[in-house]
Structures are given as C-alpha cells and as structure tokens.
Amino acid sequence: MNVKFNTRDPVYVQVIRLFKEKIARGYFEPGQEIPSRRELANQLKINPNTVQRAYKEMGEQGLIFTEGNMPSRITKDEVVLNRVREELIVEAVDNFIGSIKTINVPLSEVLEIVKKKYDTENAEGEGSE
C-alpha cells in the first residue's frame, strides 16, 4: 500500500480517512477482515501505535469491530456505511463550493457545468471498461 501522508494532519487521522475512502469506493466490503495493526503499520511504514490509535478511533466511530481475539472487520451496519459515504461527499462539495464562490457564478450555471462534466466523465469511464 503506497500512501503519502501530509504534514498538516495527524497520521492516525489520515489512516482513518484512507479507510473511509476505501469503504466508500467498495474496496473494503461490509464484514471484510482488515490487516492487523502490525501488518498495516508495516504496509504504511508508520508506527504501530499510530495504527492502534486509528483502529481505536474507527472502533469508536463504528467503522470497524473486533470480536474476541478475532481479526478486526469492517462494519456491516448500513447506517454507518452510508454516513461514511455522505461525509466524503459533503466534504468534497464543501471544498468545491468554497473554491467556486470566489468566481461569483450563478448556481444554475455551476450546476449545468457540473452535470455536463459529470456526464462526460461517466461516459468516458463506461467506454474504458
């Protein structure tokens, strides 16, 4: 796993974000076993304590669960999974709105451009499969 961490945010927060993105993209499926703390630390080349902190936080958020001595797994809770997806969408929309507002473009024009671009991207994506 090749991940570049930024220097702005704590690494454990970036690990949580990585998991949320992988969940939203379907890379991690509900109930799927995830790497052990030590395994992930080796893969990401970070301190195992950092991974431990990320896993603890993800457990508190309901993203992962651990039963007994079994490996940790991605939640099967649809509400949590939908919340993760929505959180990422809202974050992307907030960033977009923040950057587009400075141009002072009417919302209808922005939406039209976004729809065209989205449709074009989807059409190109379907043709490459």
# chains A, B, ... in the order shown; residues from 1 in each chain; ligands from 1
call {"tool": "residues_around", "arguments": {"residues": "segment 33-48 of chain A", "least_positions_apart": "4", "cutoff": "9 Å", "atoms": "only C-alpha atoms", "output": "list in words"}}
result
Met1, Asn2, Val3, Lys4, Val11, Phe28, Glu29, Gln52, Arg53, Tyr55, Ile64, Pro71, Ser72, Arg73 and Ile74 of chain A
call {"tool": "write_last_selection", "arguments": {"atoms": "N, CA, C and O atoms", "output": "compact mmCIF listing (two decimals), in the first residue's frame"}}
result
# COMPACT_ATOMS: atom_id res chain seq x y z
N MET A 1 0.86 -1.17 0.00
CA MET A 1 0.00 0.00 0.00
C MET A 1 0.90 1.23 0.00
O MET A 1 1.65 1.43 0.94
N ASN A 2 0.81 2.02 -1.05
CA ASN A 2 1.66 3.20 -1.18
C ASN A 2 0.84 4.44 -0.88
O ASN A 2 0.02 4.86 -1.70
N VAL A 3 1.04 5.03 0.29
CA VAL A 3 0.27 6.18 0.73
C VAL A 3 1.23 7.30 1.09
O VAL A 3 2.23 7.07 1.77
N LYS A 4 0.92 8.51 0.63
CA LYS A 4 1.72 9.68 1.01
C LYS A 4 0.94 10.45 2.05
O LYS A 4 -0.18 10.90 1.79
N VAL A 11 -1.18 11.64 11.50
CA VAL A 11 -1.16 10.45 10.64
C VAL A 11 -2.33 9.53 10.95
O VAL A 11 -2.95 8.99 10.03
N PHE A 28 -13.19 -1.99 0.56
CA PHE A 28 -13.47 -2.77 1.76
C PHE A 28 -14.97 -3.03 1.77
O PHE A 28 -15.77 -2.10 1.69
N GLU A 29 -15.34 -4.28 1.87
CA GLU A 29 -16.75 -4.64 1.90
C GLU A 29 -17.20 -4.86 3.34
O GLU A 29 -16.37 -5.17 4.20
N GLN A 52 -2.74 1.67 15.94
CA GLN A 52 -3.57 1.32 17.10
C GLN A 52 -4.55 2.45 17.42
O GLN A 52 -5.74 2.22 17.64
N ARG A 53 -4.05 3.68 17.39
CA ARG A 53 -4.90 4.84 17.68
C ARG A 53 -5.99 4.99 16.61
O ARG A 53 -7.14 5.27 16.91
N TYR A 55 -7.24 2.58 14.69
CA TYR A 55 -8.20 1.48 14.84
C TYR A 55 -9.12 1.73 16.03
O TYR A 55 -10.32 1.46 15.97
N ILE A 64 -15.27 -0.10 12.32
CA ILE A 64 -14.73 -1.46 12.41
C ILE A 64 -15.19 -2.08 13.72
O ILE A 64 -15.60 -1.37 14.64
N PRO A 71 -9.65 -11.23 14.11
CA PRO A 71 -9.18 -10.01 13.43
C PRO A 71 -10.30 -8.97 13.34
O PRO A 71 -11.48 -9.30 13.33
N SER A 72 -9.91 -7.71 13.27
CA SER A 72 -10.88 -6.62 13.11
C SER A 72 -11.51 -6.71 11.73
O SER A 72 -10.89 -7.18 10.78
N ARG A 73 -12.75 -6.24 11.65
CA ARG A 73 -13.50 -6.29 10.40
C ARG A 73 -14.22 -4.97 10.17
O ARG A 73 -14.51 -4.24 11.10
N ILE A 74 -14.54 -4.70 8.91
CA ILE A 74 -15.34 -3.54 8.53
C ILE A 74 -16.76 -3.76 9.02
O ILE A 74 -17.29 -4.87 8.94
call {"tool": "select_by_dssp", "arguments": {"residues": "segment 1-108 of chain A", "states": "strand (DSSP E)", "output": "list in words"}}
result
Ile64, Phe65, Arg73 and Ile74 of chain A
call {"tool": "closest_residue", "arguments": {"among": "A:Asn82, A:Thr66, A:Thr120, A:Thr102", "to": "Ala24 of chain A", "atoms": "only C-alpha atoms"}}
result
A:Asn82
call {"tool": "closest_residue", "arguments": {"among": "A:Met58, A:Val114, A:Glu87, A:Thr50", "to": "Ile100 of chain A", "atoms": "only C-alpha atoms"}}
result
A:Val114
call {"tool": "residues_around", "arguments": {"residues": "Arg25 of chain A", "least_positions_apart": "4", "cutoff": "9 Å", "atoms": "only C-alpha atoms", "output": "list in words"}}
result
Lys20, Glu21 and Arg85 of chain A
call {"tool": "closest_residue", "arguments": {"among": "A:Pro30, A:Pro106, A:Gly125, A:Gly59", "to": "Glu78 of chain A", "atoms": "only C-alpha atoms"}}
result
A:Pro30
call {"tool": "select_by_dssp", "arguments": {"residues": "segment 8-128 of chain A", "states": "helix (DSSP H, G or I)", "output": "ChimeraX atom specification"}}
result
/A:11-24,37-44,48-61,78-103,107-127
call {"tool": "write_last_selection", "arguments": {"atoms": "C-alpha atoms", "output": "CSV table (one decimal), in the first residue's frame"}}
result
chain,number,residue,atom,x,y,z
A,11,VAL,CA,-1.2,10.5,10.6
A,12,TYR,CA,-3.8,8.5,12.5
A,13,VAL,CA,-6.5,10.8,11.2
A,14,GLN,CA,-5.1,10.3,7.7
A,15,VAL,CA,-5.3,6.5,8.2
A,16,ILE,CA,-9.0,6.8,9.2
A,17,ARG,CA,-9.6,8.9,6.1
A,18,LEU,CA,-7.9,6.2,4.0
A,19,PHE,CA,-10.2,3.6,5.4
A,20,LYS,CA,-13.3,5.8,4.9
A,21,GLU,CA,-12.3,6.3,1.2
A,22,LYS,CA,-11.7,2.6,0.7
A,23,ILE,CA,-15.1,1.8,2.3
A,24,ALA,CA,-16.9,4.4,0.2
A,37,ARG,CA,-2.3,-3.4,13.4
A,38,ARG,CA,1.2,-4.6,12.9
A,39,GLU,CA,0.6,-5.6,9.3
A,40,LEU,CA,-0.9,-2.2,8.4
A,41,ALA,CA,2.0,-0.4,10.2
A,42,ASN,CA,4.5,-2.4,8.1
A,43,GLN,CA,2.5,-1.7,4.9
A,44,LEU,CA,2.2,2.0,5.5
A,48,PRO,CA,2.2,0.5,15.2
A,49,ASN,CA,0.9,2.8,18.0
A,50,THR,CA,-0.4,5.2,15.3
A,51,VAL,CA,-2.3,2.4,13.7
A,52,GLN,CA,-3.6,1.3,17.1
A,53,ARG,CA,-4.9,4.8,17.7
A,54,ALA,CA,-6.6,4.9,14.2
A,55,TYR,CA,-8.2,1.5,14.8
A,56,LYS,CA,-9.4,2.6,18.3
A,57,GLU,CA,-11.0,5.7,16.8
A,58,MET,CA,-12.6,3.7,14.0
A,59,GLY,CA,-14.0,1.3,16.5
A,60,GLU,CA,-15.5,4.2,18.5
A,61,GLN,CA,-17.0,5.5,15.2
A,78,GLU,CA,-25.6,0.1,6.6
A,79,VAL,CA,-26.3,3.4,8.6
A,80,VAL,CA,-22.6,3.8,9.4
A,81,LEU,CA,-21.5,2.8,5.8
A,82,ASN,CA,-24.0,5.4,4.3
A,83,ARG,CA,-22.8,8.0,6.8
A,84,VAL,CA,-19.2,7.5,5.7
A,85,ARG,CA,-20.1,7.9,2.0
A,86,GLU,CA,-22.2,11.0,2.8
A,87,GLU,CA,-19.4,12.5,4.9
A,88,LEU,CA,-17.0,12.2,2.0
A,89,ILE,CA,-19.5,13.7,-0.5
A,90,VAL,CA,-20.3,16.6,1.8
A,91,GLU,CA,-16.6,17.3,2.3
A,92,ALA,CA,-16.0,17.3,-1.4
A,93,VAL,CA,-19.0,19.6,-2.1
A,94,ASP,CA,-17.8,22.0,0.7
A,95,ASN,CA,-14.4,22.2,-0.9
A,96,PHE,CA,-15.9,22.8,-4.3
A,97,ILE,CA,-18.3,25.5,-3.1
A,98,GLY,CA,-15.5,27.2,-1.3
A,99,SER,CA,-13.4,27.4,-4.4
A,100,ILE,CA,-16.3,28.3,-6.8
A,101,LYS,CA,-17.9,31.0,-4.7
A,102,THR,CA,-15.0,33.3,-5.3
A,103,ILE,CA,-15.8,33.3,-9.0
A,107,LEU,CA,-25.8,28.4,-9.1
A,108,SER,CA,-27.7,27.4,-12.2
A,109,GLU,CA,-24.7,27.9,-14.4
A,110,VAL,CA,-22.5,25.9,-12.0
A,111,LEU,CA,-24.9,23.1,-11.8
A,112,GLU,CA,-25.2,22.9,-15.6
A,113,ILE,CA,-21.4,22.7,-16.0
A,114,VAL,CA,-21.1,20.1,-13.2
A,115,LYS,CA,-23.8,18.0,-14.8
A,116,LYS,CA,-22.1,18.2,-18.3
A,117,LYS,CA,-18.7,17.3,-16.8
A,118,TYR,CA,-20.1,14.5,-14.7
A,119,ASP,CA,-22.0,13.0,-17.6
A,120,THR,CA,-18.8,13.3,-19.8
A,121,GLU,CA,-16.7,11.6,-17.1
A,122,ASN,CA,-19.2,8.8,-16.7
A,123,ALA,CA,-19.4,8.2,-20.5
A,124,GLU,CA,-15.6,8.1,-20.8
A,125,GLY,CA,-15.5,5.7,-17.8
A,126,GLU,CA,-18.0,3.3,-19.3
A,127,GLY,CA,-16.1,3.2,-22.6
call {"tool": "atom_distance", "arguments": {"atom1": "atom CA of Leu63 of chain A", "atom2": "atom CA of Pro10 of chain A"}}
result
18.7 Å
call {"tool": "atom_distance", "arguments": {"atom1": "atom CA of Met70 of chain A", "atom2": "atom CA of Gly26 of chain A"}}
result
22.5 Å
